[in-house]
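Colleague: Below: one structure in structure tokens.
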Amino acid sequence: MSIIRYAEQYLARQLELANLRTFTRLPDRDFVLDQAKAADQHAKEGDYWAGRVLAIKDNICTKDMKTTAASGILKDFTSPYDATVVKLLRDARCIIAGKTNMDEFGMGSHSTHSHFGPVQSNSEQHPMSAGGSSGGSALAVATNQCWAALGTDTGGSVRLPAAYNGILGFKPSYGLLSRWGVIAYANSLDTVGIFSASLPATQNIFEKLNQYDPQDPTSLPPSTRARLGKYRPKSLRIGVPLDYNISTLHPAIRRAWMQALKHLAEEGHRLCPVSLPATRHALSAYYVLAPAEASSNLAKYDGVRYGSRAEGIDGTPESVLFAKTRGQGFGAEVQRRILLGAFSLSAQAIDNYFIQAQKVRRLVQQDFDKAFRTPNPLLISSREATGLIKEGVDVLVCPTAPTPTPTLASVREQDPITTYTNDVFTVPASLAGLPALSVPVAFDAHDRDQYPELFEGSKTTWAGLQIIGQYGDDELVLHAAKSFPGVDKRSSERRTHGISIRTVEER
């Protein structure tokens with residue numbers, strides 16, 4: 001099938017599913033088709049990338065479409081340049097299919113905190129959460145509105161939506177993919193991530209974007225990249241973190257986890273129990289550190305330096321010049337996190353909150369380093385990096401989310417603290433900067449009678465499991481995913497959010 005036909009199919013799906021609020025902005029149809037026509041001959045000549053249709057999260061800059069981060073304060077912002085990751089895709093003759101909806105500035109777990117309205121499933125009776133904050137990107141891939149999509153992951157914002165939508169969601173090691181042109185939420189945590197329906201697509205996109213960028217001060221330099229491991233054992237030592245088997249873990253998720261581990265053991269891999277005691281404090285540390293960085297990053301949005309200014313007179317003798325602008329431009333969740341961050345950075349609280357959270361972050365990283373078989377390449381010399389730790393595991397396997405995909409109605413009833421706990425399994429890898437891939441696995445059929453709500457036509461029948469690797473072992477994480485049932489297939493039939501999806505095969 002020609003590139004033009006693929007593009008037409010994606011455009012038709014976008015029009016058909018406009019009610020999902022998957023996108024905040026779409027390019028002109030004729031413009032997309034013109035790009036497809038230009039790429040068609042290159043694709044026929046064997047160019048893998050020519051005409052690939054990708055969606056981009058709305059906090060990643062594009063110069064031909066507005067970049068709003070789903071915030072009212074940036075509703076009129078158009079970047080004068082493309083983000084590095086977008087430029088790399090355009091240079092490869094990929095087609096950008098639109099900007100996807102998200103939680104405002106990436107703050108949320110269900111893509112409900114958006115200036116453009118919440119992302120939702122295709123079921124009017126029981127709309128489901130698309131996950132967050134990159135819910136639009138995940139849903140665009142899951143509903144065949146694009147071939148793949150980019151999102152950002154600060155504390156699980158790629159992996160959680162992937163789990164809820166039954167697709168692959170990959171967060172690379174911090175610093176491998178450029179953050180130049182990504183609107184910052186928390187600089188020390190933000191990572192560009194990848195959504196796709198197939199493992200080969202995920203691997204190829206990662207290889208394309210995994211480049212040093214001198215414009216990004218957090219981009220890993222070539223000298224450090226040379227130390228990253230190339231270890232590929234035939235049989236893996238798979239760690240099972242006992243601390244992740246929490247009391248609030250849904251029984252169906254636990255059973256899917258156990259079934260996947262059983263399958264991995266049957267494939268010849270060795271299962272090893274692992275203790276990560278500091279991870280129980282990771283969530284608390286994250287919700288001190290991330291809001292603190294956000295309060296600093298978002299200080300510039302005042303309608304003077306950046307952002308749209310509120311209409312009328314702003315400021316009184318008793319208030320600052322931009323009080324009205326920020327009050328109207330930021331949503332409730334963003335305001336909440338700015339206040340939390342400002343408090344934890346205040347003189348009277350910084351020692352008891354921010355500094356303590358940084359110490360917990362270091363302990364979380366040390367727990368992971370003790371668990372893995374390979375040493376952390378950031379902490380050792382190139383000569384030491386060639387050796388392996390005799391004891392330890394190659395990767396960890398654990399749930400991505402503690403519960404199945406919730407309905408939007410139940411999400412609206414949750415208080416902020418309950419919502420934050422959705423990130424309990426994803427935050428530890430973010431704090432340590434580790435690569436992590438969420439893969440879909442089917443719920444056990446025995447749960448059909450006990451939990452019939454998981455198998456209703458309007459809901460997903462997939463759980464998400466997370467593969468976590470040592471820093472720099474991104475390719476090992478992707479390699480390990482091949483052992484999961486069904487993940488390494490080029491096309492698959494699945495049902496998610498009440499829509500029957502057959503993924504477009506790799507051409």
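If you're wondering about the labels, chains in the structure tokens are A, B, ... by order shown, residues count from 1 in each chain, ligands from 1 in order shown.
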Please build the interface table for range 215-291 of chain A against range 420-437 of chain A with a cut-off of 8 Å, listing for each qualifying residue the nearest atom pair and the distance in Å to one decimal; count only C-alpha atoms, order rows by chain and increasing number, and write it as CSV.
Modeller:
```
residue,atom,partner,partner_atom,distance
A:Tyr244,CA,A:Phe425,CA,7.1
A:Thr279,CA,A:Pro428,CA,6.0
A:Ala282,CA,A:Pro428,CA,5.6
A:Leu283,CA,A:Val424,CA,5.8
A:Tyr286,CA,A:Val427,CA,6.9
```
Colleague: Tell me, as a ChimeraX atom specification, which residues lie within 7 Å of range 325-330 of chain A, counting only C-alpha atoms; anything in the same chain fewer than 5 positions away does not count.
Modeller: /A:71-73,302-303,309-310,314,335
Colleague: Could those selected residues go to a file with all heavy atoms, as a CSV table (one decimal), in the first residue's frame?
Modeller:
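Below is the file result-v4.csv, written as the result:
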```csv
chain,number,residue,atom,x,y,z
A,71,SER,N,-2.1,24.3,28.1
A,71,SER,CA,-2.3,25.4,29.1
A,71,SER,C,-2.9,26.6,28.4
A,71,SER,O,-2.6,27.0,27.3
A,71,SER,CB,-1.0,25.7,29.7
A,71,SER,OG,-1.2,26.8,30.7
A,72,GLY,N,-3.8,27.3,29.2
A,72,GLY,CA,-4.4,28.5,28.7
A,72,GLY,C,-3.4,29.6,28.6
A,72,GLY,O,-3.5,30.5,27.7
A,73,ILE,N,-2.4,29.6,29.4
A,73,ILE,CA,-1.4,30.7,29.4
A,73,ILE,C,-0.5,30.6,28.1
A,73,ILE,O,0.1,31.6,27.8
A,73,ILE,CB,-0.5,30.6,30.7
A,73,ILE,CG1,0.0,32.0,31.0
A,73,ILE,CG2,0.6,29.7,30.6
A,73,ILE,CD1,0.5,32.2,32.4
A,302,ASP,N,4.3,34.8,32.9
A,302,ASP,CA,3.7,35.9,33.6
A,302,ASP,C,2.9,36.9,32.6
A,302,ASP,O,2.4,37.9,33.0
A,302,ASP,CB,4.7,36.7,34.4
A,302,ASP,CG,5.9,37.2,33.6
A,302,ASP,OD1,5.8,37.2,32.3
A,302,ASP,OD2,6.9,37.6,34.1
A,303,GLY,N,2.9,36.5,31.3
A,303,GLY,CA,2.2,37.4,30.3
A,303,GLY,C,3.1,38.5,29.9
A,303,GLY,O,2.7,39.3,29.0
A,309,ARG,N,-1.4,37.2,28.2
A,309,ARG,CA,-1.8,38.1,29.3
A,309,ARG,C,-3.3,38.2,29.4
A,309,ARG,O,-4.0,38.2,28.4
A,309,ARG,CB,-1.2,39.5,29.1
A,309,ARG,CG,-1.2,40.3,30.4
A,309,ARG,CD,-0.2,41.4,30.4
A,309,ARG,NE,-0.2,42.2,31.6
A,309,ARG,CZ,0.4,41.9,32.7
A,309,ARG,NH1,1.0,40.7,32.8
A,309,ARG,NH2,0.3,42.6,33.8
A,310,ALA,N,-3.8,38.2,30.7
A,310,ALA,CA,-5.2,38.3,30.9
A,310,ALA,C,-5.7,39.6,30.4
A,310,ALA,O,-5.0,40.6,30.5
A,310,ALA,CB,-5.5,38.1,32.4
A,314,ASP,N,-4.2,44.2,35.1
A,314,ASP,CA,-3.7,43.1,36.0
A,314,ASP,C,-2.8,43.7,37.0
A,314,ASP,O,-1.9,44.5,36.8
A,314,ASP,CB,-2.9,42.1,35.1
A,314,ASP,CG,-2.6,40.9,35.9
A,314,ASP,OD1,-2.9,40.8,37.1
A,314,ASP,OD2,-2.1,39.9,35.2
A,335,GLN,N,-1.6,25.1,39.5
A,335,GLN,CA,-1.5,26.0,40.7
A,335,GLN,C,-1.2,25.3,41.9
A,335,GLN,O,-0.4,25.8,42.8
A,335,GLN,CB,-2.8,26.8,40.8
A,335,GLN,CG,-3.1,27.8,39.7
A,335,GLN,CD,-4.4,28.6,39.9
A,335,GLN,OE1,-4.7,29.0,41.0
A,335,GLN,NE2,-5.1,28.8,38.8
```
Colleague: Counting only C-alpha atoms, which residue out of A:Gly312, A:Pro172, A:Gly106, A:Pro277 sits closest to Tyr471 in chain A?
Modeller: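 Under the stated criterion, the closest residue is A:Pro172.
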Colleague: Going by DSSP on the backbone, which residues of range 133-334 of chain A come out as strand (DSSP E or B)? List them as a list of chain:residue names.
Modeller: A:Ala148, A:Ala149, A:Leu150, A:Gly151, A:Thr152, A:Asp153, A:Leu168, A:Gly169, A:Phe170, A:Lys171, A:Val182, A:Thr191, A:Val192, A:Gly193, A:Ile194, A:Phe195, A:Ser196, A:Arg237, A:Ile238, A:Gly239, A:Val240, A:Pro241, A:Arg270, A:Leu271, A:Cys272, A:Pro273, A:Val274, A:Tyr301, A:Tyr306
Colleague: Counting only C-alpha atoms, what is within 6 Å of range 398-405 of chain A, bar same-chain residues fewer than 4 positions away, as an NGL selection string?
Modeller: :A and (164 or 249-250 or 425 or 464-466)
Colleague: One decimal, in Å: what's the spacing between CA of Asp447 in chain A and CA of Ile253 in chain A?
Modeller: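 Straight-line distance from CA of Asp447 in chain A to CA of Ile253 in chain A works out to 10.1 Å.
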Colleague: For Asn245 in chain A, which residue out of A:Met128, A:Met258, A:Leu209, A:Ala442 is the nearest one, using only C-alpha atoms?
Modeller: A:Met258
Colleague: My list of candidates is A:Ser275, A:Ser173, A:Gln450, A:Ser483. Which is closest to Leu199 in chain A when distances are computed with only C-alpha atoms?
Modeller: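 Going through A:Ser275, A:Ser173, A:Gln450, A:Ser483 one by one, the smallest distance to Leu199 in chain A is for A:Ser483.
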Colleague: Can you measure CA of Gly51 in chain A to CA of Gly151 in chain A for me? One decimal in Å is fine.
Modeller: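 Value for the CA of Gly51 in chain A-CA of Gly151 in chain A distance: 19.8 Å.
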Colleague: Excluding Pro217 in chain A and any residue of its chain fewer than 5 positions from it, enumerate the residues within 12 Å of it, using only C-alpha atoms, and give them as an MDAnalysis selection string.
Modeller: chainID A and resid 175:180 187:188 212
Colleague: How many Å separate CA of Thr374 in chain A from CA of Gly392 in chain A?
Modeller: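 Between CA of Thr374 in chain A and CA of Gly392 in chain A the gap works out to 7.8 Å.
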Colleague: If you run DSSP on this backbone, which residues of range 201-424 of chain A come out as alpha helix (DSSP H), and could you give them as a PyMOL selection string?
Modeller: chain A and resi 201-209+222-225+251-266+282-297+323-329+332-344+354-371+408-413+416-420
Colleague: Residues near His113 in chain A, anyone? I mean within 10 Å using only C-alpha atoms, not counting same-chain ones fewer than 2 positions away, as a PDB file with C-alpha atoms, in the first residue's frame.
Modeller:
```
ATOM      1  CA  ALA A  70      -2.424  22.158  27.029  1.00  0.00           C
ATOM      2  CA  SER A  71      -2.337  25.378  29.068  1.00  0.00           C
ATOM      3  CA  ASN A 101      -3.633  16.486  24.108  1.00  0.00           C
ATOM      4  CA  MET A 102      -2.143  16.095  27.572  1.00  0.00           C
ATOM      5  CA  ASP A 103      -2.317  17.153  31.194  1.00  0.00           C
ATOM      6  CA  GLU A 104      -1.366  20.812  31.474  1.00  0.00           C
ATOM      7  CA  PHE A 105       2.446  21.108  31.541  1.00  0.00           C
ATOM      8  CA  GLY A 106       2.569  17.330  32.086  1.00  0.00           C
ATOM      9  CA  MET A 107       1.022  17.488  35.559  1.00  0.00           C
ATOM     10  CA  GLY A 108      -1.441  14.634  35.905  1.00  0.00           C
ATOM     11  CA  SER A 109      -2.029  10.909  35.483  1.00  0.00           C
ATOM     12  CA  HIS A 110      -5.208  10.832  33.371  1.00  0.00           C
ATOM     13  CA  SER A 111      -4.968  13.659  30.784  1.00  0.00           C
ATOM     14  CA  HIS A 115      -7.235  23.587  28.666  1.00  0.00           C
ATOM     15  CA  PHE A 116      -8.815  21.759  25.692  1.00  0.00           C
ATOM     16  CA  GLY A 117     -10.826  19.280  27.754  1.00  0.00           C
ATOM     17  CA  PRO A 118     -10.025  15.731  28.901  1.00  0.00           C
ATOM     18  CA  VAL A 119      -8.852  12.960  26.599  1.00  0.00           C
ATOM     19  CA  GLY A 132      -1.429  10.824  31.666  1.00  0.00           C
ATOM     20  CA  SER A 133       0.119  13.040  31.129  1.00  0.00           C
ATOM     21  CA  GLY A 331      -5.336  25.312  35.784  1.00  0.00           C
ATOM     22  CA  ALA A 332      -6.085  24.118  39.301  1.00  0.00           C
ATOM     23  CA  GLU A 333      -3.591  21.222  39.303  1.00  0.00           C
ATOM     24  CA  VAL A 334      -0.734  23.379  38.019  1.00  0.00           C
TER      25      VAL A 334
END
```
Colleague: Extract, using only C-alpha atoms, all DNA, RNA and protein residues at most 8 Å from range 193-198 of chain A, discarding same-chain residues fewer than 4 positions from it, and format them as number ranges by chain.
Modeller: A: 137-138, 141-142, 147-153, 158, 162, 167-172, 202, 205-206, 487-491, 503
Colleague: Emit the selected residues as a compact mmCIF listing (two decimals), in the first residue's frame, including N, CA and C atoms.
Modeller:
```
# COMPACT_ATOMS: atom_id res chain seq x y z
N SER A 137 -1.11 11.15 23.09
CA SER A 137 -0.17 10.40 22.25
C SER A 137 -0.45 8.91 22.30
N ALA A 138 -0.72 8.39 23.50
CA ALA A 138 -0.99 6.96 23.65
C ALA A 138 -2.27 6.57 22.92
N VAL A 141 -1.99 6.42 19.05
CA VAL A 141 -1.40 5.17 18.56
C VAL A 141 -2.38 4.02 18.72
N ALA A 142 -3.02 3.94 19.88
CA ALA A 142 -3.92 2.82 20.16
C ALA A 142 -5.12 2.78 19.24
N TRP A 147 1.10 6.29 13.13
CA TRP A 147 1.94 5.09 13.23
C TRP A 147 2.61 4.98 14.59
N ALA A 148 3.10 6.09 15.10
CA ALA A 148 3.75 6.14 16.41
C ALA A 148 3.64 7.56 16.93
N ALA A 149 4.07 7.78 18.17
CA ALA A 149 3.95 9.11 18.75
C ALA A 149 5.06 9.34 19.77
N LEU A 150 5.36 10.62 19.98
CA LEU A 150 6.30 11.00 21.04
C LEU A 150 5.52 11.61 22.20
N GLY A 151 6.00 11.31 23.40
CA GLY A 151 5.46 11.92 24.60
C GLY A 151 6.61 12.33 25.49
N THR A 152 6.31 12.72 26.70
CA THR A 152 7.36 12.99 27.69
C THR A 152 7.01 12.25 28.97
N ASP A 153 8.04 11.82 29.66
CA ASP A 153 7.88 11.04 30.89
C ASP A 153 8.67 11.71 31.99
N VAL A 158 4.68 8.43 30.17
CA VAL A 158 4.64 7.62 28.96
C VAL A 158 4.18 6.20 29.31
N ALA A 162 0.56 4.12 28.25
CA ALA A 162 0.77 2.91 27.45
C ALA A 162 0.08 1.71 28.09
N ILE A 167 -0.58 -0.60 24.63
CA ILE A 167 0.48 -0.44 23.63
C ILE A 167 1.82 -0.40 24.35
N LEU A 168 2.90 -0.20 23.58
CA LEU A 168 4.23 -0.09 24.15
C LEU A 168 4.54 1.37 24.47
N GLY A 169 5.12 1.61 25.62
CA GLY A 169 5.54 2.94 26.01
C GLY A 169 6.94 2.88 26.60
N PHE A 170 7.89 3.56 25.95
CA PHE A 170 9.30 3.45 26.33
C PHE A 170 9.85 4.78 26.82
N LYS A 171 10.38 4.75 28.05
CA LYS A 171 11.11 5.89 28.60
C LYS A 171 12.60 5.54 28.59
N PRO A 172 13.39 6.18 27.71
CA PRO A 172 14.83 5.88 27.66
C PRO A 172 15.56 6.40 28.90
N THR A 202 9.38 0.73 17.96
CA THR A 202 9.97 1.38 19.14
C THR A 202 11.49 1.38 19.05
N ILE A 205 12.69 3.90 16.25
CA ILE A 205 12.55 5.31 16.64
C ILE A 205 13.61 5.69 17.67
N PHE A 206 13.83 4.80 18.62
CA PHE A 206 14.86 5.07 19.62
C PHE A 206 16.23 5.24 18.98
N VAL A 487 4.60 -9.71 22.18
CA VAL A 487 5.16 -8.37 22.03
C VAL A 487 5.96 -8.23 20.76
N ASP A 488 6.62 -9.28 20.32
CA ASP A 488 7.53 -9.18 19.17
C ASP A 488 6.84 -9.39 17.83
N LYS A 489 5.51 -9.38 17.82
CA LYS A 489 4.80 -9.56 16.56
C LYS A 489 4.72 -8.23 15.83
N ARG A 490 4.73 -8.28 14.51
CA ARG A 490 4.70 -7.05 13.71
C ARG A 490 3.30 -6.47 13.62
N SER A 491 2.30 -7.26 13.77
CA SER A 491 0.95 -6.74 13.78
C SER A 491 0.16 -7.53 14.80
N THR A 503 -3.19 -3.17 14.16
CA THR A 503 -2.06 -2.25 13.93
C THR A 503 -1.55 -2.40 12.51
```
